[in-house]
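File shown: my_file.cif. Contents: mmCIF, C-alpha atoms.
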data_structure
#
loop_
_atom_site.label_atom_id
_atom_site.label_comp_id
_atom_site.auth_asym_id
_atom_site.auth_seq_id
_atom_site.Cartn_x
_atom_site.Cartn_y
_atom_site.Cartn_z
CA MET F 1 0.00 0.00 0.00
CA ASN F 2 1.14 3.53 -0.74
CA PRO F 3 2.24 4.88 2.68
CA ASN F 4 0.68 8.25 1.84
CA HIS F 5 -2.68 6.51 1.55
CA ARG F 6 -2.82 5.30 5.13
CA ILE F 7 -4.85 8.41 6.05
CA LEU F 8 -7.18 10.27 3.70
CA PHE F 9 -8.68 13.72 4.22
CA ALA F 10 -12.12 14.47 2.80
CA GLY F 11 -13.23 17.97 1.82
CA ASP F 12 -16.76 19.18 2.53
CA PRO F 13 -19.18 16.48 1.26
CA HIS F 14 -22.31 18.67 1.33
CA GLY F 15 -24.45 15.56 1.24
CA ASN F 16 -22.45 13.66 -1.40
CA PHE F 17 -20.27 10.99 0.21
CA ARG F 18 -19.77 8.90 -2.95
CA PRO F 19 -16.30 10.38 -3.76
CA LEU F 20 -15.08 9.49 -0.26
CA ILE F 21 -16.53 5.98 -0.45
CA GLU F 22 -14.86 5.39 -3.82
CA ALA F 23 -11.54 6.75 -2.52
CA VAL F 24 -11.64 4.38 0.46
CA ARG F 25 -12.38 1.41 -1.77
CA LYS F 26 -9.51 2.41 -4.06
CA CYS F 27 -6.85 3.29 -1.47
CA ARG F 28 -7.82 1.12 1.52
CA PRO F 29 -6.64 3.67 4.13
CA GLU F 30 -6.30 2.87 7.80
CA ALA F 31 -8.35 5.98 8.56
CA VAL F 32 -10.18 8.89 6.98
CA VAL F 33 -10.66 12.36 8.45
CA LEU F 34 -13.66 14.41 7.34
CA LEU F 35 -13.19 18.17 7.33
CA GLY F 36 -16.76 19.37 7.95
CA ASP F 37 -19.94 20.58 6.21
CA TYR F 38 -21.85 17.32 5.81
CA ASP F 39 -25.42 18.64 5.30
CA LEU F 40 -26.91 15.52 6.85
CA GLU F 41 -30.56 14.58 6.69
CA ARG F 42 -29.97 11.25 8.45
CA PRO F 43 -27.30 10.07 10.93
CA LEU F 44 -23.75 10.13 9.55
CA GLU F 45 -23.37 6.36 9.70
CA HIS F 46 -26.23 5.99 7.20
CA TYR F 47 -24.12 7.70 4.52
CA LEU F 48 -20.91 5.83 5.35
CA ALA F 49 -22.30 2.33 5.93
CA GLU F 50 -20.34 0.95 2.96
CA ILE F 51 -16.96 1.84 4.48
CA MET F 52 -17.50 1.66 8.22
CA GLY F 53 -16.00 -1.82 8.34
CA LEU F 54 -13.12 -0.90 6.05
CA THR F 55 -11.49 2.05 7.81
CA GLU F 56 -11.59 4.26 10.89
CA ILE F 57 -13.73 7.38 10.42
CA TRP F 58 -12.84 10.62 12.23
CA TRP F 59 -14.31 14.07 11.76
CA ILE F 60 -14.58 17.72 12.69
CA ALA F 61 -17.66 19.89 12.24
CA GLY F 62 -18.12 22.77 9.83
CA ASN F 63 -20.50 25.71 9.90
CA HIS F 64 -23.17 23.87 7.87
CA ASP F 65 -23.42 21.23 10.57
CA PHE F 66 -25.04 23.77 12.90
CA GLN F 67 -27.57 25.19 10.44
CA SER F 68 -30.54 23.18 11.69
CA PRO F 69 -31.39 20.78 14.53
CA CYS F 70 -31.58 17.93 12.01
CA LYS F 71 -28.09 18.53 10.64
CA TYR F 72 -26.70 18.98 14.14
CA HIS F 73 -28.25 15.89 15.72
CA SER F 74 -27.49 13.74 12.67
CA LEU F 75 -23.81 14.39 13.36
CA PHE F 76 -23.45 14.91 17.10
CA ASN F 77 -25.91 12.15 18.07
CA SER F 78 -24.76 9.70 15.40
CA SER F 79 -23.01 6.44 16.19
CA LEU F 80 -19.78 8.20 15.11
CA ALA F 81 -20.19 11.01 17.64
CA GLY F 82 -17.27 9.71 19.71
CA TYR F 83 -14.90 10.10 16.75
CA SER F 84 -14.90 13.89 16.77
CA LEU F 85 -11.37 15.34 16.81
CA HIS F 86 -12.49 18.78 17.99
CA LEU F 87 -10.17 20.22 20.65
CA ARG F 88 -8.24 16.99 21.16
CA VAL F 89 -5.38 14.90 19.80
CA LYS F 90 -5.71 11.25 18.83
CA GLU F 91 -3.10 8.84 17.52
CA ILE F 92 -4.40 7.67 14.15
CA ALA F 93 -2.45 5.31 11.91
CA GLY F 94 0.73 6.17 13.81
CA LEU F 95 0.33 9.96 13.63
CA ARG F 96 -0.97 12.41 16.23
CA ILE F 97 -3.87 14.33 14.70
CA ALA F 98 -5.50 17.34 16.35
CA GLY F 99 -8.82 18.85 15.33
CA LEU F 100 -10.43 22.28 15.40
CA GLY F 101 -13.98 22.38 14.10
CA GLY F 102 -16.29 25.33 13.60
CA ILE F 103 -15.62 28.84 12.33
CA PHE F 104 -14.63 32.26 13.56
CA LEU F 105 -17.83 34.14 14.34
CA GLY F 106 -17.75 37.92 14.56
CA ARG F 107 -20.10 38.05 17.52
CA VAL F 108 -17.75 35.72 19.48
CA TRP F 109 -14.18 36.08 18.17
CA TYR F 110 -12.89 37.09 14.75
CA PRO F 111 -9.10 37.36 14.82
CA PRO F 112 -7.01 39.43 14.73
CA ALA F 113 -9.61 41.38 16.76
CA PRO F 114 -9.73 40.47 20.46
CA PRO F 115 -12.45 38.06 21.62
CA LYS F 116 -15.75 39.59 22.67
CA TRP F 117 -16.28 36.96 25.35
CA ILE F 118 -13.84 35.25 27.72
CA ASN F 119 -15.63 31.93 27.37
CA LYS F 120 -19.08 30.42 26.90
CA CYS F 121 -20.13 31.02 30.51
CA HIS F 122 -19.15 34.67 30.23
CA PHE F 123 -21.37 35.00 27.18
CA LEU F 124 -24.36 33.18 28.69
CA ASN F 125 -24.18 35.06 31.98
CA ASN F 126 -24.16 38.42 30.22
CA GLN F 127 -27.33 37.94 28.18
CA LYS F 128 -30.43 39.90 29.10
CA THR F 129 -32.58 38.00 31.60
CA ALA F 130 -35.45 37.68 29.14
CA GLN F 131 -33.10 36.27 26.51
CA ARG F 132 -30.99 34.08 28.77
CA TYR F 133 -30.83 30.39 27.94
CA PRO F 134 -29.03 27.62 29.82
CA GLU F 135 -27.32 26.43 26.64
CA LEU F 136 -25.80 27.95 23.54
CA SER F 137 -27.84 28.25 20.36
CA LEU F 138 -26.62 26.26 17.37
CA LYS F 139 -25.14 29.42 15.86
CA TYR F 140 -22.93 29.98 18.88
CA ARG F 141 -22.01 26.30 19.09
CA SER F 142 -20.50 26.65 15.62
CA ALA F 143 -18.07 29.31 16.87
CA ILE F 144 -14.40 28.90 17.75
CA TRP F 145 -14.07 30.16 21.34
CA HIS F 146 -10.88 31.93 22.32
CA ASP F 147 -10.26 30.09 25.61
CA GLU F 148 -10.63 26.66 23.99
CA PHE F 149 -8.40 27.72 21.11
CA GLU F 150 -5.70 28.92 23.49
CA ALA F 151 -5.88 25.71 25.53
CA MET F 152 -5.08 23.72 22.38
CA LYS F 153 -1.67 25.39 22.18
CA ALA F 154 -0.53 23.22 25.09
CA LEU F 155 -1.12 20.07 23.01
CA GLN F 156 1.38 18.49 20.62
CA ALA F 157 0.50 16.90 17.29
CA ASP F 158 1.87 15.97 13.89
CA ILE F 159 -1.17 17.11 11.88
CA LEU F 160 -3.83 19.74 12.56
CA VAL F 161 -7.18 19.46 10.77
CA THR F 162 -9.41 22.52 10.70
CA HIS F 163 -12.49 23.80 8.93
CA GLU F 164 -11.16 27.35 8.76
CA ALA F 165 -8.00 28.04 6.77
CA PRO F 166 -4.71 29.56 7.91
CA SER F 167 -3.26 32.63 6.20
CA SER F 168 -2.07 30.50 3.28
CA HIS F 169 -5.52 31.20 1.80
CA ARG F 170 -6.73 34.72 1.02
CA PHE F 171 -9.73 34.13 3.28
CA GLY F 172 -7.72 32.42 6.00
CA PHE F 173 -6.54 33.46 9.45
CA ALA F 174 -3.02 33.90 10.81
CA ALA F 175 -4.31 32.58 14.15
CA ILE F 176 -4.64 29.07 12.67
CA GLY F 177 -0.98 29.13 11.67
CA GLU F 178 -0.03 30.38 15.12
CA LEU F 179 -1.90 27.46 16.66
CA ALA F 180 -0.21 24.99 14.31
CA SER F 181 3.19 26.44 15.18
CA ALA F 182 2.55 26.25 18.93
CA MET F 183 1.46 22.64 18.64
CA GLY F 184 4.52 21.67 16.62
CA VAL F 185 2.55 20.29 13.69
CA LYS F 186 4.10 19.72 10.28
CA HIS F 187 0.89 19.67 8.24
CA VAL F 188 -2.48 21.42 8.27
CA PHE F 189 -5.43 20.08 6.27
CA HIS F 190 -8.56 22.21 5.96
CA GLY F 191 -11.87 22.36 4.11
CA HIS F 192 -14.53 25.10 4.04
CA LEU F 193 -13.24 27.19 1.12
CA HIS F 194 -13.78 24.68 -1.69
CA GLU F 195 -10.32 24.98 -3.21
CA ASN F 196 -7.55 22.46 -3.74
CA TYR F 197 -4.12 23.92 -3.07
CA SER F 198 -0.85 23.37 -1.24
CA ALA F 199 1.27 26.05 0.41
CA THR F 200 3.89 26.52 3.12
CA ILE F 201 3.54 28.88 6.07
CA ARG F 202 5.91 29.88 8.90
CA ARG F 203 8.09 27.19 10.48
CA ASN F 204 7.85 25.21 7.24
CA ILE F 205 4.31 23.98 7.99
CA ARG F 206 2.66 22.61 4.88
CA VAL F 207 -0.99 23.52 4.37
CA VAL F 208 -3.33 21.50 2.15
CA GLY F 209 -6.73 22.88 1.25
CA VAL F 210 -9.15 20.16 0.18
CA ALA F 211 -12.06 21.23 -2.03
CA ASP F 212 -15.63 20.10 -1.58
CA GLN F 213 -16.18 16.42 -2.42
CA MET F 214 -12.46 15.91 -3.00
CA VAL F 215 -10.15 13.55 -1.09
CA ALA F 216 -6.44 14.07 -0.43
CA ASP F 217 -3.77 11.76 0.95
CA LEU F 218 -0.99 12.53 3.43
CA ALA F 219 1.19 14.02 0.68
CA GLY F 220 -1.62 16.37 -0.36
CA ASN F 221 -2.30 14.46 -3.57
CA LEU F 222 -5.91 14.10 -4.66
CA VAL F 223 -6.97 10.47 -4.92
CA ASN F 224 -10.39 10.95 -6.54
CA ALA F 225 -10.73 9.29 -9.93
CA GLY F 226 -9.38 11.64 -12.59
CA ALA F 227 -8.13 14.21 -10.05
CA LEU F 228 -4.74 15.87 -10.37
CA ALA F 229 -2.23 16.41 -7.59
CA VAL F 230 -2.34 19.76 -5.87
CA SER F 231 0.68 21.96 -6.43
CA ASP F 232 2.47 24.80 -4.67
#

Once more with this new file: its structure as structure tokens, please.
Amino acid sequence: MNPNHRILFAGDPHGNFRPLIEAVRKCRPEAVVLLGDYDLERPLEHYLAEIMGLTEIWWIAGNHDFQSPCKYHSLFNSSLAGYSLHLRVKEIAGLRIAGLGGIFLGRVWYPPAPPKWINKCHFLNNQKTAQRYPELSLKYRSAIWHDEFEAMKALQADILVTHEAPSSHRFGFAAIGELASAMGVKHVFHGHLHENYSATIRRNIRVVGVADQMVADLAGNLVNAGALAVSD
């Protein structure tokens, strides 16, 4: 087996999981990591039933996964709920992979501006009494919170997977690169922006953007049928 195929990274499926399924059947990876925006109408395992016995399935959430209660519960209450990489590091196929799901939300934190709230409790406790809820709305659950982001810098990993992009993309954020640098990662894989590309940021960290419904291997090469390798 091609050693670069032992882990595959899937760009935003938006309801179409066939390219990922075909890539798994072709490459036989030890694991796949999904980069968010699933647009689920049924639990995640329903869409991936064909490959659940063939490979490990890990994921982070994207902004679309918080758009409705159905999309949210189909992911976070699915049988794969325990395979979220958000805010943690797991050893997968011999590599330490860290995950950061969600997006930067202006009403919470939109770097380089300072955060508007210290943490989730700070936000909830400062809502008007008539509007106060014991839990966050789906919109706020999709946000990257500054305190959780900062806590990740104490972790160490080989690969960081994110929905948002670092500054390698014109719509990316330098904060993602700063996180990757603090964690000592060598590679960042991200979705969200629907573009295939490869670039290098500070400390020689390689960034791979994976477009929607595309699948990349550890070297950043696309493995979908007929796809070309991404280039610097």

**Request:** Please provide as a list in words all residues within 10 Å of Glu150 of chain F, with the sequence filter that same-chain residues fewer than 4 positions apart are discarded (counting only C-alpha atoms).
**Result:**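 Surrounding residues, per the criterion: Trp145, His146, Ala154, Leu155, Leu179 and Ala182 of chain F.
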
**Message:** Here is a test: counting only C-alpha atoms, which residue of F:Asn126, F:Ser168, F:Ser142, F:Asn196 is nearest to Phe9 of chain F?
**Reply:** F:Asn196

**Request:** Decode the PyMOL selection byres ((chain F and resi 97) around 7) for the given file into explicit residues and return them as JSON, numbers by chain.
**Result:** {"F": [89, 90, 91, 92, 95, 96, 98, 99, 157, 158, 159, 160]}

**Request:** Find the distance between atom CA of Gly36 of chain F and atom CA of Gly191 of chain F and write it in Å to one decimal.
**Result:**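 Atom-to-atom, atom CA of Gly36 of chain F and atom CA of Gly191 of chain F are spaced 6.9 Å apart.
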
**Request:** Between atom CA of Tyr47 of chain F and atom CA of Leu87 of chain F, measure the distance and give it in Å to one decimal.
**Result:**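 So the answer is 24.7 Å.
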
**Request:** Could you expand the PyMOL selection byres ((chain F and resi 172) around 12) into the explicit residues it covers here, written as a list in words?
**Result:**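 Selected by the PyMOL selection byres ((chain F and resi 172) around 12) in this file: Ile103, Phe104, Tyr110, Pro111, Pro112, Thr162, His163, Glu164, Ala165, Pro166, Ser167, Ser168, His169, Arg170, Phe171, Phe173, Ala174, Ala175, Ile176, Gly177, His190, Gly191, His192, Leu193, Ile201, Val207 and Gly209 of chain F.
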
**Asked** Which of these residues is nearest to Ser68 of chain F, using all atoms listed in the file: F:Asn119, F:Asn4, F:Ser84, F:Ser137?
**Response**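 When distances to Ser68 of chain F are compared using all atoms listed in the file, the smallest one comes from F:Ser137.
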
**Asked** Which one is closest to Leu34 of chain F: F:Val210, F:Leu48, F:Trp59, F:Leu54? Count all atoms listed in the file.
**Response**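 Checking each of F:Val210, F:Leu48, F:Trp59, F:Leu54 against Leu34 of chain F, counting all atoms listed in the file, the winner is F:Trp59.
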
**Prompt:** Smallest atom-to-atom distance to Lys26 of chain F: which of F:Pro43, F:Ile144, F:Ile51, F:Pro69, using all atoms listed in the file?
**Reply:**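 Counting all atoms listed in the file, the residue closest to Lys26 of chain F is F:Ile51.
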
**Option closest in space to Leu222 of chain F, from F:Ala61, F:Leu20, F:Leu44, F:Ala180 [counting all atoms listed in the file]** = F:Leu20

**Request:** Quick one: apply the PyMOL selection byres ((chain F and resi 13) around 8) to the file and drop the selected residues here as a ChimeraX atom specification.
**Result:** /F:10-12,14-17,36-39,212-214

**Pairwise distance for atom CA of Cys70 of chain F and atom CA of Trp58 of chain F, rounded to one decimal in Å** =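 According to the coordinates, atom CA of Cys70 of chain F and atom CA of Trp58 of chain F are separated by 20.1 Å.
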
Find the smallest box with edges along x, y and z containing every listed atom of segment 118-123 of chain F, then add 8 Å on each side and report centre and edge lengths in Å to one decimal, as AutoDock Vina command-line options.
--center_x -17.6 --center_y 32.8 --center_z 28.7 --size_x 23.5 --size_y 20.8 --size_z 19.6

**Request:** Using only C-alpha atoms, pick whichever of F:Met1, F:Met183, F:Ala93, F:Ile205 has the shortest atom-to-atom distance to Ala31 of chain F.
**Result:**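 Ranking F:Met1, F:Met183, F:Ala93, F:Ile205 by distance to Ala31 of chain F, first place goes to F:Ala93.
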
**Request:** Name the residues, using the chain letters and numbers of the file, that sit within 10 Å of (-22.8, 35.3, 13.8) when counting only C-alpha atoms, and give them as a PyMOL selection string.
**Result:** chain F and resi 103-109+139-140+142-143
